[in-house]
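Participant: My structure file final-v5.cif, mmCIF, C-alpha atoms, is below:
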```
data_target
#
loop_
_atom_site.label_atom_id
_atom_site.label_comp_id
_atom_site.auth_asym_id
_atom_site.auth_seq_id
_atom_site.Cartn_x
_atom_site.Cartn_y
_atom_site.Cartn_z
CA MET A 1 83.89 80.44 69.08
CA LYS A 2 85.57 83.02 71.28
CA VAL A 3 87.70 81.84 74.21
CA ALA A 4 88.95 83.77 77.25
CA VAL A 5 90.51 82.90 80.60
CA ALA A 6 88.14 84.28 83.22
CA PRO A 7 89.60 87.05 85.42
CA TYR A 8 89.02 84.96 88.56
CA ALA A 9 88.91 81.26 89.26
CA LEU A 10 85.41 79.73 89.10
CA ASN A 11 84.05 83.12 88.02
CA ARG A 12 83.82 84.22 91.66
CA ILE A 13 85.15 87.55 92.91
CA PRO A 14 87.94 87.09 95.45
CA LEU A 15 87.56 88.27 99.02
CA SER A 16 90.72 88.49 101.12
CA TRP A 17 91.86 90.16 104.35
CA ILE A 18 95.36 91.52 104.85
CA ILE A 19 96.69 91.71 108.42
CA ASP A 20 99.75 93.94 108.82
CA ASP A 21 102.14 94.61 111.73
CA SER A 22 101.56 91.21 113.36
CA THR A 23 104.34 89.08 114.79
CA VAL A 24 105.23 86.74 117.63
CA LEU A 25 103.60 88.06 120.84
CA ILE A 26 105.18 91.53 120.68
CA ASN A 27 103.23 94.66 119.85
CA LEU A 28 106.06 95.99 117.73
CA ASN A 29 104.50 99.45 117.58
CA TYR A 30 105.06 99.94 121.31
CA PHE A 31 108.73 99.97 120.41
CA TRP A 32 108.25 101.65 117.02
CA MET A 33 106.45 104.66 118.51
CA ARG A 34 108.85 104.88 121.44
CA ASP A 35 111.90 104.89 119.18
CA ARG A 36 110.45 107.00 116.38
CA ASN A 37 109.01 109.83 118.48
CA PRO A 38 112.43 111.45 119.15
CA VAL A 39 113.33 111.21 115.45
CA ASP A 40 110.39 113.18 114.09
CA GLY A 41 109.31 115.10 117.20
CA GLN A 42 105.92 113.39 117.47
CA ASN A 43 104.22 112.48 120.72
CA ARG A 44 102.59 109.17 119.85
CA ARG A 45 101.01 107.36 122.81
CA TRP A 46 103.56 104.56 123.05
CA GLU A 47 103.27 104.26 126.85
CA ASP A 48 99.51 103.69 126.58
CA VAL A 49 99.52 100.79 124.14
CA PRO A 50 100.04 97.16 125.24
CA VAL A 51 103.48 95.61 124.95
CA VAL A 52 102.10 92.15 124.18
CA HIS A 53 99.41 90.72 121.92
CA PRO A 54 98.79 87.46 123.78
CA GLU A 55 98.66 84.06 122.14
CA TRP A 56 95.08 83.37 123.26
CA PHE A 57 93.87 86.37 121.28
CA THR A 58 95.70 85.33 118.12
CA ARG A 59 94.32 81.81 118.50
CA ARG A 60 90.77 83.14 118.92
CA PHE A 61 91.16 85.12 115.70
CA ALA A 62 92.49 82.05 113.86
CA GLU A 63 89.63 79.87 115.10
CA PHE A 64 87.03 82.39 113.98
CA CYS A 65 88.59 82.59 110.51
CA ALA A 66 88.72 78.81 110.16
CA GLU A 67 85.09 78.46 111.23
CA ASN A 68 83.95 81.10 108.73
CA GLY A 69 86.22 80.26 105.80
CA VAL A 70 88.07 83.58 105.93
CA ARG A 71 91.40 83.66 104.09
CA GLY A 72 94.06 86.30 103.69
CA LYS A 73 97.60 87.33 104.62
CA PHE A 74 99.14 87.51 108.11
CA SER A 75 102.50 89.21 108.62
CA VAL A 76 105.10 87.74 110.94
CA VAL A 77 107.89 90.30 111.38
CA PRO A 78 111.13 88.26 111.69
CA VAL A 79 113.09 90.57 114.04
CA PRO A 80 110.28 92.67 115.49
CA ALA A 81 111.48 96.19 116.30
CA GLY A 82 114.99 94.74 116.51
CA VAL A 83 114.14 93.14 119.86
CA GLY A 84 115.24 89.66 118.76
CA ARG A 85 114.89 87.12 115.97
CA ILE A 86 111.91 84.83 116.14
CA ASP A 87 113.92 81.72 115.20
CA ARG A 88 115.59 82.06 118.60
CA PRO A 89 113.91 82.56 121.96
CA LEU A 90 112.68 86.15 122.11
CA PRO A 91 114.29 87.92 125.11
CA LEU A 92 110.96 89.10 126.52
CA PHE A 93 109.40 85.64 126.49
CA GLY A 94 111.90 82.79 126.35
CA ARG A 95 111.88 79.52 124.41
CA ALA A 96 108.63 77.93 125.62
CA GLN A 97 106.40 80.97 124.96
CA THR A 98 108.05 81.72 121.62
CA GLU A 99 107.67 78.15 120.40
CA SER A 100 104.11 77.88 121.68
CA TRP A 101 103.08 80.91 119.60
CA LEU A 102 104.92 79.61 116.53
CA GLN A 103 103.27 76.20 116.80
CA MET A 104 99.88 77.91 117.08
CA CYS A 105 100.69 79.96 113.97
CA ARG A 106 101.74 76.89 111.98
CA GLU A 107 98.65 74.92 112.98
CA GLU A 108 95.93 77.56 113.25
CA ILE A 109 96.84 80.57 111.11
CA ALA A 110 98.92 79.24 108.21
CA PRO A 111 96.16 76.96 106.81
CA SER A 112 93.99 80.03 106.14
CA PHE A 113 96.53 82.85 105.75
CA ASP A 114 99.67 83.39 103.73
CA ILE A 115 102.54 84.16 106.06
CA THR A 116 104.88 86.93 104.93
CA PRO A 117 107.66 88.94 106.51
CA GLU A 118 106.96 92.63 106.85
CA MET A 119 110.62 93.01 106.11
CA LEU A 120 113.15 92.45 108.80
CA THR A 121 112.26 94.71 111.76
CA HIS A 122 109.52 97.14 110.66
CA THR A 123 111.76 99.75 112.28
CA LEU A 124 115.52 100.23 111.69
CA VAL A 125 117.35 98.69 108.74
CA LEU A 126 119.83 96.05 109.94
CA ASP A 127 122.98 94.69 108.39
CA PRO A 128 121.72 91.35 107.01
CA GLU A 129 124.92 89.57 108.12
CA THR A 130 125.25 90.87 111.68
CA LEU A 131 121.60 91.90 112.27
CA GLN A 132 122.89 95.10 113.85
CA PRO A 133 121.53 98.55 112.92
CA LEU A 134 123.34 100.37 110.16
CA ASP A 135 125.46 103.38 111.09
CA PRO A 136 124.08 105.99 110.63
CA PRO A 137 120.64 104.50 111.36
CA ILE A 138 117.95 104.47 108.67
CA TRP A 139 114.33 103.32 108.80
CA GLU A 140 112.71 100.68 106.62
CA GLN A 141 109.55 102.66 105.91
CA TYR A 142 111.15 106.07 105.48
CA GLU A 143 114.62 106.16 103.93
CA TRP A 144 113.92 102.85 102.23
CA SER A 145 110.73 104.04 100.58
CA ARG A 146 113.30 104.64 97.84
CA LEU A 147 115.37 101.48 97.86
CA PRO A 148 119.07 101.87 97.00
CA THR A 149 119.00 100.56 93.43
CA ASP A 150 122.79 100.74 93.28
CA GLN A 151 122.95 98.11 96.06
CA GLU A 152 120.85 95.41 94.45
CA ASP A 153 122.63 92.46 96.07
CA PHE A 154 122.37 94.07 99.50
CA VAL A 155 118.63 94.71 99.20
CA ARG A 156 117.95 91.25 97.78
CA GLU A 157 119.83 89.63 100.65
CA TYR A 158 118.00 91.82 103.15
CA ILE A 159 114.65 90.53 101.91
CA ALA A 160 115.99 86.97 101.65
CA VAL A 161 117.17 87.02 105.29
CA SER A 162 113.66 88.08 106.31
CA CYS A 163 112.25 85.11 104.41
CA ARG A 164 114.85 82.65 105.73
CA ILE A 165 113.99 83.41 109.35
CA LEU A 166 110.37 82.53 108.64
CA GLN A 167 111.47 79.41 106.77
CA ASN A 168 113.56 78.46 109.82
CA VAL A 169 110.47 78.38 112.04
CA GLY A 170 108.34 76.38 109.63
CA LEU A 171 106.47 79.34 108.14
CA PRO A 172 107.70 79.50 104.51
CA PRO A 173 106.60 82.85 103.05
CA GLU A 174 104.43 83.10 99.95
CA GLY A 175 105.53 86.69 99.41
CA VAL A 176 106.54 89.82 101.26
CA THR A 177 104.82 92.82 102.80
CA SER A 178 106.15 96.37 102.86
CA PRO A 179 106.49 98.03 106.25
CA GLY A 180 104.95 101.41 105.54
CA GLY A 181 106.54 103.10 102.54
CA PHE A 182 109.19 100.41 101.94
CA GLY A 183 109.92 100.21 98.21
CA GLY A 184 107.05 102.44 97.18
CA GLN A 185 109.18 104.94 95.22
CA THR A 186 111.19 102.22 93.45
CA LEU A 187 108.38 99.78 92.70
CA GLU A 188 109.87 98.18 89.59
CA PHE A 189 113.15 97.49 91.39
CA TYR A 190 111.30 96.27 94.47
CA ALA A 191 109.24 93.80 92.45
CA LYS A 192 112.41 92.40 90.92
CA VAL A 193 114.45 91.91 94.09
CA ALA A 194 111.49 90.75 96.17
CA GLY A 195 110.61 88.11 93.61
CA GLU A 196 114.20 86.90 93.41
CA ALA A 197 114.60 86.81 97.19
CA VAL A 198 111.44 84.81 97.89
CA ARG A 199 112.18 82.46 95.00
CA GLU A 200 115.72 81.91 96.29
CA VAL A 201 114.43 80.86 99.72
CA THR A 202 111.27 78.91 98.82
CA GLY A 203 111.54 78.05 95.12
CA ASN A 204 108.09 79.54 94.50
CA PRO A 205 107.91 80.54 90.80
CA THR A 206 105.18 83.13 91.40
CA PRO A 207 105.71 84.97 94.71
CA TYR A 208 103.96 88.26 95.37
CA PHE A 209 104.50 91.50 97.23
CA PHE A 210 102.06 93.82 98.98
CA LYS A 211 102.74 97.54 99.12
CA ARG A 212 99.92 99.62 97.70
CA ILE A 213 96.42 100.60 98.75
CA GLU A 214 94.14 101.88 96.00
CA ARG A 215 90.99 103.91 96.61
CA SER A 216 90.18 104.55 92.93
CA PRO A 217 87.54 102.59 90.99
CA GLU A 218 90.26 100.36 89.50
CA VAL A 219 92.12 97.86 91.71
CA PRO A 220 94.16 95.56 89.46
CA VAL A 221 96.28 92.49 90.26
CA PRO A 222 99.50 93.46 88.43
CA VAL A 223 101.95 90.87 87.14
CA TRP A 224 105.62 91.87 87.07
CA TYR A 225 108.43 90.28 85.07
CA PRO A 226 106.47 87.49 83.37
CA ASP A 227 108.89 84.96 81.87
CA ARG A 228 107.15 82.38 79.71
CA GLU A 229 110.33 80.37 79.18
CA LYS A 230 111.01 79.92 82.91
CA GLY A 231 107.37 79.89 83.99
CA GLN A 232 108.02 82.65 86.49
CA ALA A 233 106.48 85.98 87.43
CA VAL A 234 105.96 88.25 90.41
CA GLY A 235 102.41 89.10 91.43
CA GLU A 236 101.39 92.26 93.20
CA ILE A 237 98.49 92.41 95.61
CA ILE A 238 96.84 95.81 96.04
CA ALA A 239 94.38 96.43 98.88
CA GLY A 240 91.18 98.20 97.96
CA THR A 241 90.07 99.55 101.35
CA GLY A 242 91.41 101.72 104.10
CA ASP A 243 91.98 100.40 107.60
CA TRP A 244 88.79 101.03 109.55
CA THR A 245 89.52 98.56 112.34
CA GLY A 246 91.47 100.75 114.76
CA SER A 247 94.42 101.38 112.43
CA TRP A 248 98.12 100.85 113.15
CA GLU A 249 98.20 102.66 116.49
CA GLY A 250 95.40 100.55 117.93
CA TYR A 251 93.51 103.47 119.43
CA ARG A 252 91.58 104.88 116.46
CA PRO A 253 87.87 104.15 115.96
CA ALA A 254 86.68 100.99 114.23
CA ASP A 255 83.80 101.20 111.77
CA PRO A 256 82.56 98.08 109.94
CA ASP A 257 80.06 100.16 107.96
CA ARG A 258 82.86 101.58 105.86
CA TYR A 259 83.52 98.07 104.53
CA ILE A 260 79.87 97.02 104.21
CA THR A 261 76.79 98.79 105.54
CA PRO A 262 74.10 97.12 107.67
CA ASP A 263 71.70 96.99 104.72
CA LEU A 264 74.44 95.16 102.74
CA GLU A 265 74.17 97.69 99.90
CA GLY A 266 77.00 100.14 100.61
CA GLY A 267 80.60 100.30 101.76
CA ARG A 268 83.90 99.93 99.95
CA MET A 269 83.89 96.13 99.74
CA VAL A 270 80.43 96.19 98.19
CA GLU A 271 81.61 98.85 95.75
CA LEU A 272 84.50 96.61 94.69
CA ILE A 273 82.32 93.51 94.36
CA GLU A 274 79.78 95.37 92.24
CA ALA A 275 82.60 96.58 89.98
CA GLY A 276 83.79 92.99 89.56
CA LEU A 277 87.08 93.69 91.36
CA PRO A 278 88.85 91.78 94.14
CA ALA A 279 87.59 92.95 97.52
CA ILE A 280 90.88 92.90 99.42
CA ALA A 281 90.64 94.59 102.81
CA ILE A 282 93.45 95.71 105.09
CA SER A 283 93.81 95.94 108.86
CA HIS A 284 96.61 96.29 111.38
CA TRP A 285 96.97 93.84 114.22
CA GLN A 286 97.21 96.61 116.80
CA GLY A 287 93.70 97.74 115.94
CA PHE A 288 92.34 94.19 116.11
CA TYR A 289 93.50 93.85 119.72
CA GLY A 290 92.99 97.49 120.69
CA MET A 291 94.21 98.95 123.95
CA HIS A 292 93.58 95.99 126.26
CA ALA A 293 92.17 92.47 126.39
CA GLU A 294 88.54 93.58 126.65
CA ASP A 295 88.82 96.15 123.85
CA GLN A 296 89.30 94.13 120.63
CA ARG A 297 87.65 96.92 118.63
CA GLY A 298 89.08 95.84 115.30
CA PHE A 299 88.32 92.15 115.78
CA LYS A 300 84.71 92.99 116.65
CA ALA A 301 84.36 95.13 113.52
CA PHE A 302 85.99 92.39 111.43
CA ARG A 303 83.52 89.77 112.67
CA THR A 304 80.66 92.08 111.74
CA VAL A 305 82.04 92.55 108.22
CA VAL A 306 82.49 88.79 107.73
CA ARG A 307 78.92 88.14 108.88
CA ARG A 308 77.50 90.79 106.54
CA LEU A 309 79.46 89.52 103.56
CA ARG A 310 78.09 86.04 104.18
CA GLU A 311 74.55 87.42 104.45
CA ARG A 312 75.02 89.23 101.14
CA ASP A 313 76.15 86.07 99.31
CA PRO A 314 74.99 83.21 101.56
CA ARG A 315 75.61 80.42 99.05
CA GLY A 316 78.94 81.75 97.80
CA GLU A 317 77.80 82.02 94.20
CA ARG A 318 79.43 85.37 93.48
CA THR A 319 82.29 85.73 95.96
CA ARG A 320 84.69 83.54 97.90
CA TRP A 321 87.58 83.90 100.30
CA LEU A 322 91.09 83.36 98.90
CA LYS A 323 94.64 83.86 100.07
CA PRO A 324 96.54 86.60 98.21
CA SER A 325 98.94 83.92 96.92
CA GLU A 326 96.00 82.17 95.25
CA ILE A 327 94.82 85.43 93.68
CA ALA A 328 98.34 86.32 92.50
CA ARG A 329 99.16 82.88 91.10
CA TYR A 330 95.95 82.77 89.06
CA ALA A 331 96.71 86.27 87.75
CA CYS A 332 100.21 85.14 86.71
CA MET A 333 98.76 82.11 84.95
CA ARG A 334 96.17 84.23 83.15
CA GLU A 335 98.75 86.83 82.12
CA MET A 336 100.96 84.25 80.39
CA ALA A 337 98.34 81.83 79.07
CA GLN A 338 98.08 81.41 75.31
CA TRP A 339 95.81 79.20 73.22
CA THR A 340 94.74 78.29 69.74
CA VAL A 341 91.35 77.03 68.62
CA HIS A 342 91.03 74.20 66.09
CA GLY A 343 87.39 73.47 65.37
CA THR A 344 85.91 72.74 68.80
CA ALA A 345 89.27 72.00 70.47
CA ILE A 346 91.18 74.55 72.58
CA HIS A 347 94.94 73.93 72.73
CA LEU A 348 96.36 75.73 75.76
CA ASP A 349 99.93 76.75 76.52
CA LEU A 350 100.34 77.45 80.25
CA PRO A 351 103.83 78.44 81.47
CA VAL A 352 102.33 78.82 84.97
CA LEU A 353 99.87 76.31 86.40
CA ALA A 354 97.22 77.26 88.94
CA PRO A 355 94.18 75.44 90.31
CA GLU A 356 90.70 75.98 88.92
CA LEU A 357 91.58 77.44 85.54
CA THR A 358 88.32 78.87 84.29
CA LEU A 359 87.47 79.32 80.63
CA HIS A 360 84.66 81.45 79.24
CA VAL A 361 83.65 80.23 75.79
CA GLN A 362 81.23 82.34 73.78
CA GLY A 363 79.41 81.29 70.66
CA VAL A 364 78.66 77.67 71.59
CA GLN A 365 76.56 75.68 74.02
CA ALA A 366 78.47 72.51 74.79
CA ARG A 367 76.71 69.22 75.55
CA GLY A 368 79.94 67.82 76.94
CA VAL A 369 83.54 68.84 77.68
CA ARG A 370 86.72 66.76 77.79
CA VAL A 371 90.13 67.82 79.08
CA ASP A 372 92.91 65.56 77.83
CA HIS A 373 90.20 62.98 77.02
CA GLU A 374 88.77 63.10 80.57
CA GLU A 375 85.07 63.96 80.78
CA LEU A 376 84.06 66.94 82.89
CA ARG A 377 80.86 66.80 84.91
CA PRO A 378 77.96 68.99 83.81
CA VAL A 379 76.34 71.17 86.50
CA SER A 380 73.23 73.29 86.37
CA GLY A 381 74.75 76.63 87.26
CA GLN A 382 77.18 78.80 89.18
CA LEU A 383 76.27 77.39 92.59
CA ASP A 384 77.77 73.98 91.77
CA PHE A 385 80.52 75.22 89.49
CA SER A 386 83.88 73.82 90.62
CA ALA A 387 87.06 72.37 89.16
CA GLY A 388 86.22 69.45 86.89
CA THR A 389 82.81 70.78 85.84
CA PHE A 390 81.14 72.89 83.15
CA TYR A 391 77.82 74.59 82.66
CA THR A 392 75.95 76.46 79.94
CA PRO A 393 73.84 79.38 81.17
CA ASP A 394 72.45 80.01 77.69
CA ARG A 395 72.64 78.78 74.11
CA SER A 396 75.79 80.73 73.29
CA THR A 397 77.92 80.43 76.45
CA THR A 398 79.91 77.67 78.12
CA TRP A 399 81.86 77.95 81.38
CA ILE A 400 84.61 75.39 82.00
CA ALA A 401 86.79 74.85 85.08
CA PHE A 402 89.60 72.37 85.66
CA THR A 403 92.98 72.17 87.36
CA PRO A 404 95.73 71.73 84.75
CA THR A 405 98.46 69.22 85.51
CA HIS A 406 100.81 70.08 82.65
CA ARG A 407 101.64 72.96 80.35
CA SER A 408 99.68 71.91 77.25
CA PRO A 409 96.18 70.62 78.07
CA VAL A 410 93.62 70.23 75.29
CA VAL A 411 89.98 71.10 75.96
CA GLU A 412 87.41 69.53 73.62
CA LEU A 413 83.83 70.78 73.41
CA ILE A 414 81.17 68.32 72.34
CA LEU A 415 78.34 70.13 70.60
#
```
Spell out the structure here as structure tokens.

Facilitator:
Amino acid sequence: MKVAVAPYALNRIPLSWIIDDSTVLINLNYFWMRDRNPVDGQNRRWEDVPVVHPEWFTRRFAEFCAENGVRGKFSVVPVPAGVGRIDRPLPLFGRAQTESWLQMCREEIAPSFDITPEMLTHTLVLDPETLQPLDPPIWEQYEWSRLPTDQEDFVREYIAVSCRILQNVGLPPEGVTSPGGFGGQTLEFYAKVAGEAVREVTGNPTPYFFKRIERSPEVPVPVWYPDREKGQAVGEIIAGTGDWTGSWEGYRPADPDRYITPDLEGGRMVELIEAGLPAIAISHWQGFYGMHAEDQRGFKAFRTVVRRLRERDPRGERTRWLKPSEIARYACMREMAQWTVHGTAIHLDLPVLAPELTLHVQGVQARGVRVDHEELRPVSGQLDFSAGTFYTPDRSTTWIAFTPTHRSPVVELIL
């Protein structure tokens, strides 16, 4: 018989939504555009955009996602635009408003979304000890698109400080997000220091980073620095769509049809699903809110996309919503998994454990399956397929799913 670890848990294609540029109350791009315009001579409309993204709006978004099972990543910039650190009362709002938003985030957003820093400020690079701008000033998404590889300790600590501030407010990060071009020209170095920094703060053996957007037919889930001895790796999440929800300024058009068309047959997310690839979409928080409280152009488009995706797969047989951390951890497990087959027994070696390990076994139709002598439950097909079950769609195929609890489980097929 031929054994493989399925590309995705439960043989369902992951859906996920990445939210960038979000943070506590502040629209950081009001300050970003204001401060960046003189540097590059642009005339971005910083005076037109709102200064605040209010808590009620963020809560409404979180409630919609919880009601509809949407999962993804939500940035929380630790020192947004250098205005102040979120583990202290933000100067524009004070202690009560800052803590109210953070409590909402812990209770309403974090259950459905990974929380990550989008590095420290999303604007100027700060000294990680003093949190004052470097002299001369440099920008996270411009000069640090090529990270200073000769200052490895400095860069690692910079990312670690970003993570610690989130940890301080009860939002331990699962990974990190690049502000703009951050790290893009030194990707191998970035993967190394980002993984070390997150692991130092949280102990997570398989953190991830998000930097790239890929429009080509192939959108992988890369695994960096796999270490079978330590059971560690760094995942990379790559978005497969553009931002068609108002973009980072907040005043561009929103178009849900570019994700999925009204007839449910076209759009980039459909293209990815049909290719058997993760359908990971990206938006910016400014576009979700738009220009004022009644705008919400991006949020409206997002709700349309979620509804259409559900209509396309109403029973969740082919797709399901996952956090990027769940996608990355499964990819790390799959990358490092090894096994041997002895008769009808599969002896696995799993340096990384992840829920819902899914095996595709060809050449046999099992009547029963045991994992470490525990019987799995037979189900009739993909609809009921979950951890602790198996099914046989034909006489030469068996699908098996379980959550391993140790490195060396043994799977026995009863023929």

Participant: If the PyMOL selection byres ((chain A and resi 70) around 8) is run on the structure shown, which residues does it catch, given as an MDAnalysis selection string?

Facilitator: chainID A and resid 16:17 65:69 71:72 112 306 321:322

Participant: Given the file shown, determine the residues that the PyMOL selection byres ((chain A and resi 295) around 12) selects; report them as a ChimeraX atom specification.

Facilitator: /A:49-50,57,245-246,250-254,286-294,296-301

Participant: Report as a list in words all protein, DNA and RNA residues lying within 7 Å of A:Ile280, evaluated on all atoms listed in the file, omitting residues in the same chain fewer than 2 positions from it.

Facilitator: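 With the cut-off at 7 Å, the set is Leu15, Ser16, Trp17, Ala239, Gly240, Thr241, Pro278 and Ile282 of chain A.
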
Participant: Any chance you can output those residues with C-alpha atoms as a compact mmCIF listing (two decimals), in the frame of the given file?

Facilitator:
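Listing of part_6.txt after writing:
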```
# COMPACT_ATOMS: atom_id res chain seq x y z
CA LEU A 15 87.56 88.27 99.02
CA SER A 16 90.72 88.49 101.12
CA TRP A 17 91.86 90.16 104.35
CA ALA A 239 94.38 96.43 98.88
CA GLY A 240 91.18 98.20 97.96
CA THR A 241 90.07 99.55 101.35
CA PRO A 278 88.85 91.78 94.14
CA ILE A 282 93.45 95.71 105.09
```

Participant: Which one of A:Ala387, A:Ile19, A:Ser380, A:Ile346 sits closest to A:Val3 if you count all atoms listed in the file?

Facilitator: A:Ile346

Participant: If you measure from atom CA of A:Gly231 to atom CA of A:Val193, what distance in Å do you get, rounded to one decimal?

Facilitator: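 A separation of 17.2 Å between them.
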
Participant: List as JSON lines every residue of stretch 95-212 of chain A that is in contact with stretch 28-33 of chain A, defined as an atom at most 12 Å from one of its atoms (using all atoms listed in the file), together with the nearest atom pair and the distance in Å rounded to one decimal, sorted by chain and then rising number.

Facilitator:
```
{"residue": "A:Glu118", "atom": "CA", "partner": "A:Leu28", "partner_atom": "CA", "distance": 11.4}
{"residue": "A:Leu120", "atom": "CA", "partner": "A:Leu28", "partner_atom": "CA", "distance": 11.9}
{"residue": "A:Thr121", "atom": "CA", "partner": "A:Leu28", "partner_atom": "CA", "distance": 8.7}
{"residue": "A:His122", "atom": "CA", "partner": "A:Trp32", "partner_atom": "CA", "distance": 7.9}
{"residue": "A:Thr123", "atom": "CA", "partner": "A:Trp32", "partner_atom": "CA", "distance": 6.2}
{"residue": "A:Leu124", "atom": "CA", "partner": "A:Trp32", "partner_atom": "CA", "distance": 9.1}
{"residue": "A:Trp139", "atom": "CA", "partner": "A:Trp32", "partner_atom": "CA", "distance": 10.4}
{"residue": "A:Glu140", "atom": "CA", "partner": "A:Trp32", "partner_atom": "CA", "distance": 11.4}
{"residue": "A:Gln141", "atom": "CA", "partner": "A:Trp32", "partner_atom": "CA", "distance": 11.2}
{"residue": "A:Pro179", "atom": "CA", "partner": "A:Trp32", "partner_atom": "CA", "distance": 11.5}
{"residue": "A:Gly180", "atom": "CA", "partner": "A:Trp32", "partner_atom": "CA", "distance": 11.9}
```

Participant: Please produce, as a Markdown table, a per-residue contact table for stretch 134-168 of chain A versus stretch 207-213 of chain A (criterion: any atom at most 12 Å away, only C-alpha atoms considered), showing the nearest atom pair and its distance in Å to one decimal, sorted by chain then residue number.

Facilitator:
```
| residue | atom | partner | partner_atom | distance |
| --- | --- | --- | --- | --- |
| A:Gln141 | CA | A:Lys211 | CA | 10.9 |
| A:Ser145 | CA | A:Lys211 | CA | 10.4 |
| A:Ile159 | CA | A:Phe209 | CA | 11.2 |
| A:Cys163 | CA | A:Pro207 | CA | 11.7 |
```

Participant: Evaluating the PyMOL selection byres ((chain A and resi 53) around 8) on the displayed file yields which residues, as a list in words?

Facilitator: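 Output from the PyMOL selection byres ((chain A and resi 53) around 8), applied to this file: Leu25, Ile26, Asn27, Pro50, Val51, Val52, Pro54, Glu55, Phe57, Thr58 and Tyr289 of chain A.
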
Participant: Please determine, counting only C-alpha atoms, which residue among A:Ser408, A:Gln382, A:Thr202, A:Thr340 has the shortest atom-to-atom distance to A:Asn168.

Facilitator: A:Thr202

Participant: Please, what distance in Å, to one decimal, runs between atom CA of A:Asp227 and atom CA of A:Tyr330?

Facilitator: 15.0 Å

Participant: Work out how far atom CA of A:Thr116 is from atom CA of A:Glu157, in Å to one decimal.

Facilitator: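 Computed distance, atom CA of A:Glu157 to atom CA of A:Thr116, equals 15.8 Å.
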
Participant: Skipping near chain neighbours, those fewer than 6 positions away, what residues fall within 12 Å of A:Val341 using all atoms listed in the file, listed as a PyMOL selection string?

Facilitator: chain A and resi 1-4+347-349+361+410-413

Participant: Tell me which residues come within 12 Å of (97.2, 78.6, 112.4), as a PDB file with C-alpha atoms, keeping the file's coordinate frame, counting all atoms listed in the file in the file's coordinates.

Facilitator:
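See result-v7.pdb below for the written result:
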```pdb
ATOM      1  CA  GLU A  55      98.660  84.060 122.140  1.00  0.00           C
ATOM      2  CA  THR A  58      95.700  85.330 118.120  1.00  0.00           C
ATOM      3  CA  ARG A  59      94.320  81.810 118.500  1.00  0.00           C
ATOM      4  CA  ARG A  60      90.770  83.140 118.920  1.00  0.00           C
ATOM      5  CA  PHE A  61      91.160  85.120 115.700  1.00  0.00           C
ATOM      6  CA  ALA A  62      92.490  82.050 113.860  1.00  0.00           C
ATOM      7  CA  GLU A  63      89.630  79.870 115.100  1.00  0.00           C
ATOM      8  CA  PHE A  64      87.030  82.390 113.980  1.00  0.00           C
ATOM      9  CA  CYS A  65      88.590  82.590 110.510  1.00  0.00           C
ATOM     10  CA  ALA A  66      88.720  78.810 110.160  1.00  0.00           C
ATOM     11  CA  ARG A  71      91.400  83.660 104.090  1.00  0.00           C
ATOM     12  CA  LYS A  73      97.600  87.330 104.620  1.00  0.00           C
ATOM     13  CA  PHE A  74      99.140  87.510 108.110  1.00  0.00           C
ATOM     14  CA  SER A 100     104.110  77.880 121.680  1.00  0.00           C
ATOM     15  CA  TRP A 101     103.080  80.910 119.600  1.00  0.00           C
ATOM     16  CA  LEU A 102     104.920  79.610 116.530  1.00  0.00           C
ATOM     17  CA  GLN A 103     103.270  76.200 116.800  1.00  0.00           C
ATOM     18  CA  MET A 104      99.880  77.910 117.080  1.00  0.00           C
ATOM     19  CA  CYS A 105     100.690  79.960 113.970  1.00  0.00           C
ATOM     20  CA  ARG A 106     101.740  76.890 111.980  1.00  0.00           C
ATOM     21  CA  GLU A 107      98.650  74.920 112.980  1.00  0.00           C
ATOM     22  CA  GLU A 108      95.930  77.560 113.250  1.00  0.00           C
ATOM     23  CA  ILE A 109      96.840  80.570 111.110  1.00  0.00           C
ATOM     24  CA  ALA A 110      98.920  79.240 108.210  1.00  0.00           C
ATOM     25  CA  PRO A 111      96.160  76.960 106.810  1.00  0.00           C
ATOM     26  CA  SER A 112      93.990  80.030 106.140  1.00  0.00           C
ATOM     27  CA  PHE A 113      96.530  82.850 105.750  1.00  0.00           C
ATOM     28  CA  ASP A 114      99.670  83.390 103.730  1.00  0.00           C
ATOM     29  CA  ILE A 115     102.540  84.160 106.060  1.00  0.00           C
ATOM     30  CA  GLY A 170     108.340  76.380 109.630  1.00  0.00           C
ATOM     31  CA  LEU A 171     106.470  79.340 108.140  1.00  0.00           C
TER      32      LEU A 171
END
```

Participant: Which polymer residues have any atom within 6 Å of an atom of A:Val76, counting only C-alpha atoms, with same-chain residues fewer than 5 positions away left out, as a list of chain:residue names?

Facilitator: A:Ser22, A:Thr23, A:Pro117

Participant: Quick one: everything within 6 Å of A:Tyr158, counting all atoms listed in the file, minus sequence neighbours fewer than 3 positions away in the same chain. Send it as a PDB file with C-alpha atoms, keeping the file's coordinate frame.

Facilitator:
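The resulting part09.pdb:
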```pdb
ATOM      1  CA  PRO A 128     121.720  91.350 107.010  1.00  0.00           C
ATOM      2  CA  VAL A 155     118.630  94.710  99.200  1.00  0.00           C
ATOM      3  CA  VAL A 161     117.170  87.020 105.290  1.00  0.00           C
TER       4      VAL A 161
END
```
